[in-house]
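To start, the structure under review is shown below, and the notes come after it.
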Amino acid sequence: MRTSLWTVVCLTGALGLTACGQLGGPLAKKNPEKSVIGVLDETNLNDIMLTVADPNEAVNFFRTSLEKAPERIDFQRGLASSLVRAKRATEAVPVFKSLLKHKDATNEDRVNYADALIRSNNWKGAEAELNKVPPTVETFKRYRLEAIVADANKKWEKADSFYETAVGLTTQPANVLNNWGYSKLSRGKYNQAEELFLEAISYDPQLFTAKNNLVIARGSQGNYAIPLIQLSQEERAQLLYTLGLTAVKQGKKSIGRGLLEDAIETHPRHFEAATRSLEALG
């Protein structure tokens with residue numbers, strides 16, 4: 001659930017006050033605006049807006065802040081990052097481009113710019129920006145992006161090397177392991193992909209994308225059994241559906257039909273997509 005700015009103000013005030021309601025105390029009555037601003041200054045509102053606040057509200061906050069202080073690089077970073085969080089990467093690109101002209105711009109800013117370019121589907125631009133980052137900058141995000149770009153260019157050895165490095169630089173590698181597994185899946189290396197998806201799930205048992213990719217990898221090898229992983233009833237039904245479609249695509253209609261029937265029976269509610277697929281099989 002996203003957090004409104006006023007809720008952020010209240011949460012922030014809690015660090016210095018016993019309750020948000022105390023903003024209405026004697027000091028606030030004399031000068032309420034100054035009281036609130038003072039509380040926000042003490043707890044670094046910028047960081048809060050970049051993490052718990054609603055992304056679009058954060059965009060408005062940083063945009064307004066920049067109008068008052070256009071030279072502030074922290075406001076430029078905040079606006080660019082908030083636009084990415086709000087899934088408005090195309091708008092973030094020119095902000096990052098302008099930010100990199102600032103005398104205090106860093107290599108991290110360039111890596112974040114490359115991220116925005118990838119999200120905007122500008123792969124060549126992203127690759128060019130990553131090539132400008134010195135090899136001494138060894139961060140998880142840098143190597144994750146390098147892996148994604150190498151993948152897009154079908155430079156498999158480089159992609160594998162970058163993925164492996166990225167995994168070693170984070171304590172939460174589930175998503176990058178899933179991406180690496182998908183890369184292996186796209187190359188037809190189903191057994192290696194299966195191992196990577198299982199590893200991703202071991203780090204994050206709730207990562208359904210990895211679970212779905214896992215059954216695709218297994219189904220591609222002719223294994224249509226649901227793996228022994230943590231699943232809800234609905235997730236099990238979804239995976240049976242995925243396996244069913246995989247079997248049908250391989251020309252194994254009888255197996256696919258049985259899996260689709262199991263998916264419909266397993267799902268706790270009406271499974272419309274599986275029902276339509278089964279009807280299409282006749």
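Residue names in the structure tokens use chain letters A, B, ... in the order shown, residue numbers from 1 in each chain, and ligand numbers from 1 in the order shown.
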
Shell of 6 Å around A:Ala126, only C-alpha atoms, local chain residues under 3 positions omitted, as a short mmCIF file (atom, residue, chain, number, x, y, z; two decimals) with all heavy atoms, in the first residue's frame:
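The file below, result-v6.cif, is the result:
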```
data_model
loop_
_atom_site.label_atom_id
_atom_site.label_comp_id
_atom_site.auth_asym_id
_atom_site.auth_seq_id
_atom_site.Cartn_x
_atom_site.Cartn_y
_atom_site.Cartn_z
N ALA A 114 21.56 4.35 -16.94
CA ALA A 114 21.52 3.18 -17.81
C ALA A 114 20.29 2.33 -17.52
O ALA A 114 19.65 1.80 -18.43
CB ALA A 114 22.79 2.34 -17.63
N LEU A 117 17.36 3.90 -19.15
CA LEU A 117 17.42 3.68 -20.60
C LEU A 117 16.94 2.28 -20.96
O LEU A 117 16.21 2.11 -21.95
CB LEU A 117 18.85 3.91 -21.10
CG LEU A 117 19.34 5.36 -21.11
CD1 LEU A 117 20.84 5.42 -21.34
CD2 LEU A 117 18.60 6.17 -22.19
N ILE A 118 17.33 1.28 -20.17
CA ILE A 118 16.86 -0.09 -20.42
C ILE A 118 15.35 -0.16 -20.28
O ILE A 118 14.66 -0.76 -21.11
CB ILE A 118 17.55 -1.07 -19.45
CG1 ILE A 118 19.02 -1.25 -19.82
CG2 ILE A 118 16.85 -2.43 -19.47
CD1 ILE A 118 19.83 -2.06 -18.84
N TRP A 123 18.41 0.11 -25.57
CA TRP A 123 19.48 -0.81 -25.19
C TRP A 123 20.86 -0.31 -25.59
O TRP A 123 21.82 -0.44 -24.83
CB TRP A 123 19.21 -2.18 -25.80
CG TRP A 123 17.98 -2.81 -25.23
CD1 TRP A 123 16.70 -2.69 -25.69
CD2 TRP A 123 17.91 -3.63 -24.05
NE1 TRP A 123 15.84 -3.39 -24.87
CE2 TRP A 123 16.55 -3.97 -23.86
CE3 TRP A 123 18.86 -4.10 -23.16
CZ2 TRP A 123 16.13 -4.77 -22.81
CZ3 TRP A 123 18.45 -4.89 -22.10
CH2 TRP A 123 17.08 -5.22 -21.94
N GLU A 129 26.32 3.92 -21.91
CA GLU A 129 26.51 4.52 -20.58
C GLU A 129 27.25 3.58 -19.65
O GLU A 129 28.13 4.00 -18.89
CB GLU A 129 25.15 4.91 -19.98
CG GLU A 129 24.45 6.05 -20.69
CD GLU A 129 25.31 7.31 -20.79
OE1 GLU A 129 25.98 7.65 -19.79
OE2 GLU A 129 25.32 7.93 -21.86
#
```

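Compared by their closest atoms to A:Leu228, and using only C-alpha atoms, the residues A:Ser98, A:Thr90, A:Ser202, A:Ser186 rank with A:Ser202 nearest.
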
### Nearby residues (only C-alpha atoms) at most 12 Å from A:Glu194, same-chain spacing under 5 positions excluded, as a list in words
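Using only C-alpha atoms, the neighbours found are Leu177, Asn178, Asn179, Trp180, Gly181, Tyr182, Ser183, Lys184, Leu185, Gly188, Lys189, Glu199, Ala200, Ile201, Ala210, Lys211, Asn212, Asn213, Leu214, Val215, Ile216, Ala217, Arg218, Gly219, Ser220, Gln221, Asn223 and Pro227 of chain A.
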
With C-alpha atoms kept, could you save the residues just selected as a compact mmCIF listing (two decimals), in the first residue's frame?
```txt
# COMPACT_ATOMS: atom_id res chain seq x y z
CA LEU A 177 18.77 -15.78 -10.44
CA ASN A 178 15.33 -15.84 -12.07
CA ASN A 179 16.60 -13.57 -14.87
CA TRP A 180 19.65 -15.77 -15.33
CA GLY A 181 17.44 -18.85 -15.45
CA TYR A 182 15.22 -17.24 -18.06
CA SER A 183 18.32 -16.48 -20.10
CA LYS A 184 19.28 -20.17 -19.97
CA LEU A 185 15.69 -21.11 -20.84
CA GLY A 188 17.39 -24.10 -24.68
CA LYS A 189 19.55 -25.03 -21.69
CA GLU A 199 17.82 -21.61 -6.39
CA ALA A 200 15.81 -18.39 -6.88
CA ILE A 201 12.82 -19.95 -5.12
CA ALA A 210 10.39 -18.23 -10.88
CA LYS A 211 7.90 -21.01 -10.07
CA ASN A 212 6.16 -20.55 -13.40
CA ASN A 213 9.48 -20.47 -15.27
CA LEU A 214 10.53 -23.60 -13.40
CA VAL A 215 7.62 -25.67 -14.71
CA ILE A 216 8.24 -24.36 -18.23
CA ALA A 217 11.83 -25.59 -17.97
CA ARG A 218 10.64 -28.96 -16.66
CA GLY A 219 7.87 -29.25 -19.23
CA SER A 220 10.34 -28.45 -22.00
CA GLN A 221 12.24 -31.57 -20.91
CA ASN A 223 8.64 -33.58 -17.15
CA PRO A 227 7.87 -29.80 -8.38
```

#### Entry: Members of stretch 175-262 of chain A assigned helix (DSSP H, G or I) by DSSP, as an MDAnalysis selection string
chainID A and resid 175:186 190:203 208:220 233:249 253:262

### Message
Which residues are close to stretch 230-238 of chain A, i.e. within 10 Å by only C-alpha atoms, leaving aside same-chain residues fewer than 2 positions away? Reply as a list of chain:residue names.
### Response
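Contacts, with the query itself left out: A:Ile201, A:Ser202, A:Pro205, A:Gln206, A:Phe208, A:Lys211, A:Asn212, A:Ile226, A:Pro227, A:Leu228, A:Leu240, A:Tyr241, A:Thr242, A:Leu243, A:Gly244, A:Leu259, A:Leu260, A:Glu261, A:Asp262, A:Ala263, A:Ile264, A:Glu265, A:Thr266, A:His267, A:Pro268, A:Arg269, A:Phe271, A:Ala273, A:Ala274.
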
### Query
With only C-alpha atoms as the atoms that count, which of A:Ala105, A:Ala150, A:Ala58, A:Leu239 lies nearest to A:Glu127?
A:Ala150

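Our summary of the geometry notes that atom CA of A:Arg144 is positioned 25.8 Å from atom CA of A:Asn46.
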
### Query
Quick one: residues within 10 Å of A:Leu50, only C-alpha atoms counted, chain neighbours fewer than 6 positions away excluded, as an NGL selection string?
:A and (58-59 or 62 or 77-79 or 81-82 or 85)

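Counting only C-alpha atoms and comparing A:Leu207, A:Ala116, A:Ala86, A:Ala152, the residue that lies closest to A:Asn175 is A:Leu207.
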
### Message
Nearest residue to A:Pro173 out of A:Phe197, A:Thr275, A:Thr106, A:Gln192, using only C-alpha atoms?
### Response
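Closest candidate: A:Phe197.
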